[in-house]
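Novice: My file is coords-v4.cif. It has mmCIF, C-alpha atoms:
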data_query
#
loop_
_atom_site.label_atom_id
_atom_site.label_comp_id
_atom_site.auth_asym_id
_atom_site.auth_seq_id
_atom_site.Cartn_x
_atom_site.Cartn_y
_atom_site.Cartn_z
CA MET Q 1497 84.83 82.01 93.23
CA ASP Q 1498 85.71 85.72 93.70
CA SER Q 1499 88.82 85.83 95.91
CA THR Q 1500 88.97 89.63 96.06
CA ASP Q 1501 89.08 90.99 99.60
CA HIS Q 1502 85.96 93.17 99.89
CA SER Q 1503 86.59 94.13 103.54
CA PRO Q 1504 87.37 97.78 104.43
CA ALA Q 1505 91.04 96.83 104.85
CA GLY Q 1506 91.03 95.13 101.46
CA ALA Q 1507 89.45 98.19 99.85
CA CYS Q 1508 92.19 100.38 101.37
CA VAL Q 1509 94.85 98.16 99.82
CA GLU Q 1510 93.19 98.24 96.41
CA ASP Q 1511 92.75 102.02 96.53
CA GLY Q 1512 96.33 102.39 97.70
CA MET Q 1513 97.71 100.16 94.98
CA ALA Q 1514 95.79 102.18 92.40
CA LEU Q 1515 97.71 105.24 93.63
CA ILE Q 1516 101.05 103.44 93.48
CA GLU Q 1517 100.41 102.25 89.92
CA LYS Q 1518 99.17 105.68 88.88
CA TYR Q 1519 102.42 107.40 89.85
CA PHE Q 1520 104.88 104.52 89.36
CA PRO Q 1521 103.58 102.68 86.27
CA GLY Q 1522 106.85 100.88 85.53
CA LEU Q 1523 107.02 98.68 88.61
CA THR Q 1524 107.64 94.97 88.13
CA ALA Q 1525 105.23 92.27 89.26
CA LEU Q 1526 107.50 91.56 92.25
CA GLN Q 1527 107.64 95.21 93.25
CA LEU Q 1528 103.86 95.51 93.00
CA GLU Q 1529 103.35 92.38 95.07
CA ARG Q 1530 105.68 93.68 97.77
CA MET Q 1531 103.86 97.03 97.82
CA ARG Q 1532 100.56 95.19 98.10
CA GLN Q 1533 101.81 93.09 101.04
CA LEU Q 1534 102.69 96.22 103.02
CA GLY Q 1535 99.01 97.00 103.64
CA PRO Q 1536 98.00 93.90 105.59
CA LEU Q 1537 101.41 93.57 107.23
CA TYR Q 1538 101.45 97.09 108.64
CA THR Q 1539 97.81 96.77 109.67
CA GLU Q 1540 98.56 93.55 111.56
CA TRP Q 1541 101.74 94.81 113.21
CA ASN Q 1542 100.27 98.21 114.04
CA ALA Q 1543 97.53 96.53 116.07
CA ARG Q 1544 100.32 95.10 118.28
CA ILE Q 1545 103.00 97.81 118.16
CA ASN Q 1546 101.90 101.32 117.29
CA VAL Q 1547 104.18 102.68 114.54
CA VAL Q 1548 101.48 104.56 112.60
CA SER Q 1549 98.67 106.51 114.26
CA ARG Q 1550 95.77 104.08 114.59
CA LYS Q 1551 93.49 106.78 113.19
CA ASP Q 1552 95.74 106.99 110.15
CA ILE Q 1553 96.37 103.32 109.33
CA SER Q 1554 93.55 103.36 106.74
CA ASN Q 1555 95.57 106.05 104.92
CA LEU Q 1556 98.76 103.97 104.95
CA TYR Q 1557 99.32 104.06 101.19
CA LEU Q 1558 98.63 107.76 100.68
CA HIS Q 1559 100.14 109.23 103.85
CA HIS Q 1560 103.08 106.89 104.34
CA ILE Q 1561 103.97 104.70 101.35
CA LEU Q 1562 103.34 107.16 98.52
CA HIS Q 1563 104.72 109.98 100.66
CA SER Q 1564 107.95 107.97 101.10
CA LEU Q 1565 108.12 107.27 97.37
CA ALA Q 1566 108.19 111.01 96.63
CA ILE Q 1567 111.97 110.72 97.00
CA GLY Q 1568 111.87 108.38 94.01
CA LYS Q 1569 110.38 111.18 91.93
CA PHE Q 1570 113.30 113.44 92.80
CA VAL Q 1571 116.26 111.10 92.29
CA THR Q 1572 117.10 107.74 90.74
CA PRO Q 1573 120.33 106.44 92.34
CA SER Q 1574 122.71 104.36 90.30
CA THR Q 1575 123.10 100.62 90.91
CA GLY Q 1576 125.04 99.94 94.08
CA SER Q 1577 124.23 103.25 95.74
CA SER Q 1578 123.88 103.22 99.53
CA ILE Q 1579 121.18 105.03 101.49
CA LEU Q 1580 120.81 105.60 105.23
CA ASP Q 1581 117.29 106.08 106.56
CA PHE Q 1582 117.81 108.13 109.71
CA GLY Q 1583 114.99 107.82 112.25
CA CYS Q 1584 113.11 105.29 110.16
CA GLY Q 1585 110.36 104.58 112.69
CA GLY Q 1586 108.42 101.59 111.38
CA GLY Q 1587 110.26 101.70 108.06
CA PHE Q 1588 109.45 104.95 106.28
CA PRO Q 1589 110.75 106.05 103.87
CA GLY Q 1590 113.31 103.22 103.75
CA ILE Q 1591 111.14 100.17 103.07
CA PRO Q 1592 109.10 101.61 100.18
CA LEU Q 1593 112.30 103.01 98.65
CA ALA Q 1594 114.08 99.67 99.05
CA ILE Q 1595 111.24 98.07 97.08
CA LEU Q 1596 111.51 100.81 94.45
CA TRP Q 1597 115.31 100.55 94.17
CA PRO Q 1598 116.21 96.85 94.60
CA ASP Q 1599 119.74 97.45 93.28
CA CYS Q 1600 120.57 99.92 96.07
CA ARG Q 1601 121.63 99.13 99.63
CA PHE Q 1602 119.64 100.53 102.55
CA HIS Q 1603 120.45 100.82 106.24
CA LEU Q 1604 117.59 101.80 108.57
CA ILE Q 1605 118.28 103.14 112.04
CA ASP Q 1606 115.98 104.22 114.87
CA ARG Q 1607 116.45 104.65 118.59
CA VAL Q 1608 113.11 102.97 119.39
CA GLY Q 1609 113.62 99.21 119.46
CA LYS Q 1610 110.01 98.18 118.93
CA LYS Q 1611 109.81 100.26 115.75
CA ILE Q 1612 112.95 98.68 114.35
CA ARG Q 1613 111.46 95.29 115.16
CA VAL Q 1614 108.36 96.04 113.08
CA ALA Q 1615 110.44 97.29 110.15
CA THR Q 1616 112.70 94.24 110.33
CA GLU Q 1617 109.80 91.78 110.46
CA ILE Q 1618 107.99 93.43 107.55
CA ALA Q 1619 111.11 93.50 105.37
CA SER Q 1620 111.69 89.83 106.13
CA ALA Q 1621 108.06 88.92 105.39
CA ILE Q 1622 108.21 90.41 101.89
CA GLY Q 1623 111.67 89.01 101.13
CA LEU Q 1624 113.42 92.38 101.02
CA ASP Q 1625 117.11 91.51 101.08
CA ASN Q 1626 118.70 94.90 100.31
CA VAL Q 1627 118.06 96.35 103.78
CA THR Q 1628 119.81 96.15 107.13
CA PHE Q 1629 118.61 97.51 110.46
CA GLN Q 1630 120.16 99.09 113.52
CA HIS Q 1631 118.62 99.89 116.88
CA GLY Q 1632 120.43 102.95 118.08
CA ASP Q 1633 121.11 106.65 117.84
CA ALA Q 1634 122.50 108.37 114.75
CA GLY Q 1635 125.86 108.72 116.50
CA GLU Q 1636 126.14 104.93 116.67
CA CYS Q 1637 126.17 104.55 112.89
CA HIS Q 1638 129.68 105.10 111.52
CA ASP Q 1639 129.28 103.95 107.91
CA LYS Q 1640 129.27 106.27 104.90
CA PHE Q 1641 126.42 106.51 102.40
CA ASP Q 1642 125.60 108.27 99.16
CA TYR Q 1643 122.41 109.70 100.59
CA VAL Q 1644 120.80 110.13 103.98
CA VAL Q 1645 116.99 110.19 103.87
CA SER Q 1646 114.48 111.00 106.59
CA ARG Q 1647 110.82 111.79 107.07
CA ALA Q 1648 109.72 114.40 109.60
CA VAL Q 1649 112.41 113.46 112.12
CA MET Q 1650 113.63 116.82 113.45
CA ARG Q 1651 114.35 120.39 112.44
CA LEU Q 1652 116.51 120.71 109.37
CA ASP Q 1653 119.23 122.71 111.14
CA ALA Q 1654 119.58 119.90 113.69
CA LEU Q 1655 119.39 117.14 111.09
CA VAL Q 1656 122.03 118.46 108.67
CA PRO Q 1657 125.06 118.17 111.01
CA LEU Q 1658 123.96 114.69 112.09
CA ALA Q 1659 123.58 113.54 108.49
CA ARG Q 1660 126.83 115.12 107.29
CA LYS Q 1661 129.05 112.66 109.17
CA ASN Q 1662 127.43 109.71 107.35
CA VAL Q 1663 127.64 111.14 103.82
CA SER Q 1664 130.45 109.74 101.66
CA ARG Q 1665 132.93 112.08 99.98
CA VAL Q 1666 132.95 109.82 96.91
CA CYS Q 1667 130.12 110.65 94.48
CA ARG Q 1668 128.79 108.01 92.09
CA ASN Q 1669 125.50 109.69 91.13
CA LYS Q 1670 124.59 112.69 89.01
CA LEU Q 1671 122.90 114.21 92.04
CA HIS Q 1672 125.60 115.11 94.55
CA ASN Q 1673 125.69 113.12 97.78
CA GLY Q 1674 123.65 114.63 100.56
CA LEU Q 1675 120.49 114.74 102.65
CA ILE Q 1676 117.02 114.23 101.19
CA CYS Q 1677 114.18 114.68 103.65
CA LEU Q 1678 110.41 114.93 103.63
CA LYS Q 1679 108.84 117.68 105.71
CA GLY Q 1680 105.71 119.79 105.88
CA GLY Q 1681 104.62 123.35 106.58
CA ASP Q 1682 106.60 126.57 106.48
CA LEU Q 1683 110.29 125.67 106.51
CA ALA Q 1684 111.75 129.13 105.91
CA ASP Q 1685 113.30 129.50 109.37
CA GLU Q 1686 114.76 125.97 109.30
CA VAL Q 1687 116.32 126.50 105.88
CA GLU Q 1688 117.67 129.92 106.88
CA ALA Q 1689 119.33 128.36 109.93
CA THR Q 1690 121.38 125.97 107.76
CA THR Q 1691 124.47 126.71 105.69
CA GLY Q 1692 125.01 125.86 102.03
CA SER Q 1693 122.54 125.48 99.21
CA THR Q 1694 119.05 124.04 99.63
CA VAL Q 1695 116.62 122.67 97.06
CA GLU Q 1696 112.97 122.79 98.15
CA VAL Q 1697 110.39 120.92 96.04
CA PRO Q 1698 106.63 121.05 96.73
CA LEU Q 1699 105.28 117.49 96.57
CA SER Q 1700 102.28 118.89 94.72
CA ASP Q 1701 104.68 119.00 91.76
CA TYR Q 1702 104.58 115.19 91.81
CA PHE Q 1703 101.20 114.25 93.26
CA SER Q 1704 97.75 115.82 92.78
CA GLU Q 1705 96.11 114.58 96.00
CA PRO Q 1706 95.25 117.37 98.52
CA PHE Q 1707 97.31 115.65 101.23
CA PHE Q 1708 100.49 116.76 99.45
CA ALA Q 1709 99.55 120.45 99.19
CA THR Q 1710 101.66 121.40 102.22
CA LYS Q 1711 104.30 118.67 101.94
CA LYS Q 1712 107.83 119.32 100.66
CA LEU Q 1713 111.03 117.55 99.75
CA ILE Q 1714 114.25 119.18 100.92
CA TYR Q 1715 117.62 118.35 99.39
CA LYS Q 1716 120.89 119.52 100.91
CA PRO Q 1717 124.10 118.58 99.09
CA LEU Q 1718 126.72 117.73 101.74
#
Could you express the structure from this file as structure tokens?
Specialist:
Amino acid sequence: MDSTDHSPAGACVEDGMALIEKYFPGLTALQLERMRQLGPLYTEWNARINVVSRKDISNLYLHHILHSLAIGKFVTPSTGSSILDFGCGGGFPGIPLAILWPDCRFHLIDRVGKKIRVATEIASAIGLDNVTFQHGDAGECHDKFDYVVSRAVMRLDALVPLARKNVSRVCRNKLHNGLICLKGGDLADEVEATTGSTVEVPLSDYFSEPFFATKKLIYKPL
């Protein structure tokens, strides 16, 4: 008997997994299974608690999971590295990155309790044990991390001073500790309003899909 899910939701998962395997061909069977489980889990939870636009849930893998994994094209942290996902919403980019980097420690924080609940439940459902969660504001997190990551949370000039207080002074990676964020559009005024060096990478350097044409990765060593 053919057990393949031929429903529209099942087709979205299969199409999405084809994208993941295209750009990250070295994933283990466990990593692939966890990526696959994200589709139905987010679809189910999103019907109850809206963490992704309901019009966009069919694009979960392209617009949210693969977008989050762009950070994994830019940097590969060493074993034991710690990463803070600031304003994680329903778990992006933290959960896909925690699957990608199982030997790193992640802490996800968001001020919206229902979003943290969804992220927590999904991480638990897929057996992700390298993540912790915090319901609160950035000022309520006092730990230090190698990197702070975020996805379309706020303007860069507002985000940098918030992230700086959580970045460790001790560097264990080739890429200096700092902020790595995913943003879109023209960022010239945001970058100009910050101090220090900035690396700006078009995501079209990594992915060929039209969705990424206007998307960028910003890295600020702190």
Novice: Run the PyMOL selection byres ((chain Q and resi 1597-1611) around 7) on the file and write out the hits as a ChimeraX atom specification.
Specialist: /Q:1547,1575-1586,1590,1593-1596,1612-1615,1626-1633
Novice: With C-alpha atoms retained, write the just-selected residues as a CSV table (one decimal), in the frame of the given file.
Specialist:
chain,number,residue,atom,x,y,z
Q,1547,VAL,CA,104.2,102.7,114.5
Q,1575,THR,CA,123.1,100.6,90.9
Q,1576,GLY,CA,125.0,99.9,94.1
Q,1577,SER,CA,124.2,103.2,95.7
Q,1578,SER,CA,123.9,103.2,99.5
Q,1579,ILE,CA,121.2,105.0,101.5
Q,1580,LEU,CA,120.8,105.6,105.2
Q,1581,ASP,CA,117.3,106.1,106.6
Q,1582,PHE,CA,117.8,108.1,109.7
Q,1583,GLY,CA,115.0,107.8,112.2
Q,1584,CYS,CA,113.1,105.3,110.2
Q,1585,GLY,CA,110.4,104.6,112.7
Q,1586,GLY,CA,108.4,101.6,111.4
Q,1590,GLY,CA,113.3,103.2,103.8
Q,1593,LEU,CA,112.3,103.0,98.6
Q,1594,ALA,CA,114.1,99.7,99.0
Q,1595,ILE,CA,111.2,98.1,97.1
Q,1596,LEU,CA,111.5,100.8,94.4
Q,1612,ILE,CA,113.0,98.7,114.4
Q,1613,ARG,CA,111.5,95.3,115.2
Q,1614,VAL,CA,108.4,96.0,113.1
Q,1615,ALA,CA,110.4,97.3,110.2
Q,1626,ASN,CA,118.7,94.9,100.3
Q,1627,VAL,CA,118.1,96.4,103.8
Q,1628,THR,CA,119.8,96.2,107.1
Q,1629,PHE,CA,118.6,97.5,110.5
Q,1630,GLN,CA,120.2,99.1,113.5
Q,1631,HIS,CA,118.6,99.9,116.9
Q,1632,GLY,CA,120.4,103.0,118.1
Q,1633,ASP,CA,121.1,106.6,117.8
Novice: Counting only C-alpha atoms, which residues have an atom no more than 10 Å from (99.8, 105.1, 102.7) in the file's coordinates? Please list them as a ChimeraX atom specification.
Specialist: /Q:1508-1509,1511-1513,1515-1516,1534-1535,1552-1564
Novice: Do you have the CA of Ala1648 (chain Q)-CA of Cys1677 (chain Q) distance handy?
Specialist: 7.4 Å
Novice: Go through the shown structure with the PyMOL selection byres ((chain Q and resi 1709) around 12) and write out the matching residues as JSON, numbers by chain.
Specialist: {"Q": [1563, 1679, 1680, 1681, 1682, 1697, 1698, 1699, 1700, 1701, 1702, 1703, 1704, 1705, 1706, 1707, 1708, 1710, 1711, 1712, 1713]}
Novice: Do you have the CA of Gly1522 (chain Q)-CA of Glu1510 (chain Q) distance handy?
Specialist: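 Separating CA of Gly1522 (chain Q) from CA of Glu1510 (chain Q) is a distance of 17.7 Å.
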Novice: For the structure shown, which residues end up in the PyMOL selection byres ((chain Q and resi 1670) around 12)? Put them as number ranges by chain, please?
Specialist: Q: 1570-1574, 1577, 1642, 1666-1669, 1671-1674, 1717
Novice: Calculate how many Å separate CA of Gly1568 (chain Q) from CA of Tyr1519 (chain Q), rounding to one decimal.
Specialist: 10.4 Å
Novice: Considering all atoms listed in the file, can you say which of Q:Val1656, Q:Gly1623, Q:Lys1661, Q:Met1650 comes closest to Cys1637 (chain Q)?
Specialist: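 Of the candidates, the smallest distance to Cys1637 (chain Q) is held by Q:Lys1661.
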Novice: Rank nothing, just name the residue among Q:Lys1569, Q:Lys1551, Q:Lys1518, Q:Arg1651 nearest to Asp1685 (chain Q), using only C-alpha atoms.
Specialist: Q:Arg1651
Novice: Have a look at Q:Glu1636, Q:Glu1517, Q:Asp1625, Q:Asp1653 and name the one nearest to Glu1529 (chain Q); count only C-alpha atoms.
Specialist: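 The shortest atom-to-atom distance to Glu1529 (chain Q) comes from Q:Glu1517.
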Novice: Between Q:Arg1532, Q:Ile1714, Q:Tyr1538, Q:Ile1567, which has the minimum distance to Arg1550 (chain Q) (counting all atoms listed in the file)?
Specialist: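 Closest to Arg1550 (chain Q) of all the choices is Q:Tyr1538.
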Novice: Given the point (118.8, 114.4, 105.0) in the file's coordinates, find the residues that have an atom at most 7 Å from it, counting all atoms listed in the file, and give them as a PyMOL selection string.
Specialist: chain Q and resi 1644-1646+1655-1656+1659+1674-1677+1715-1716
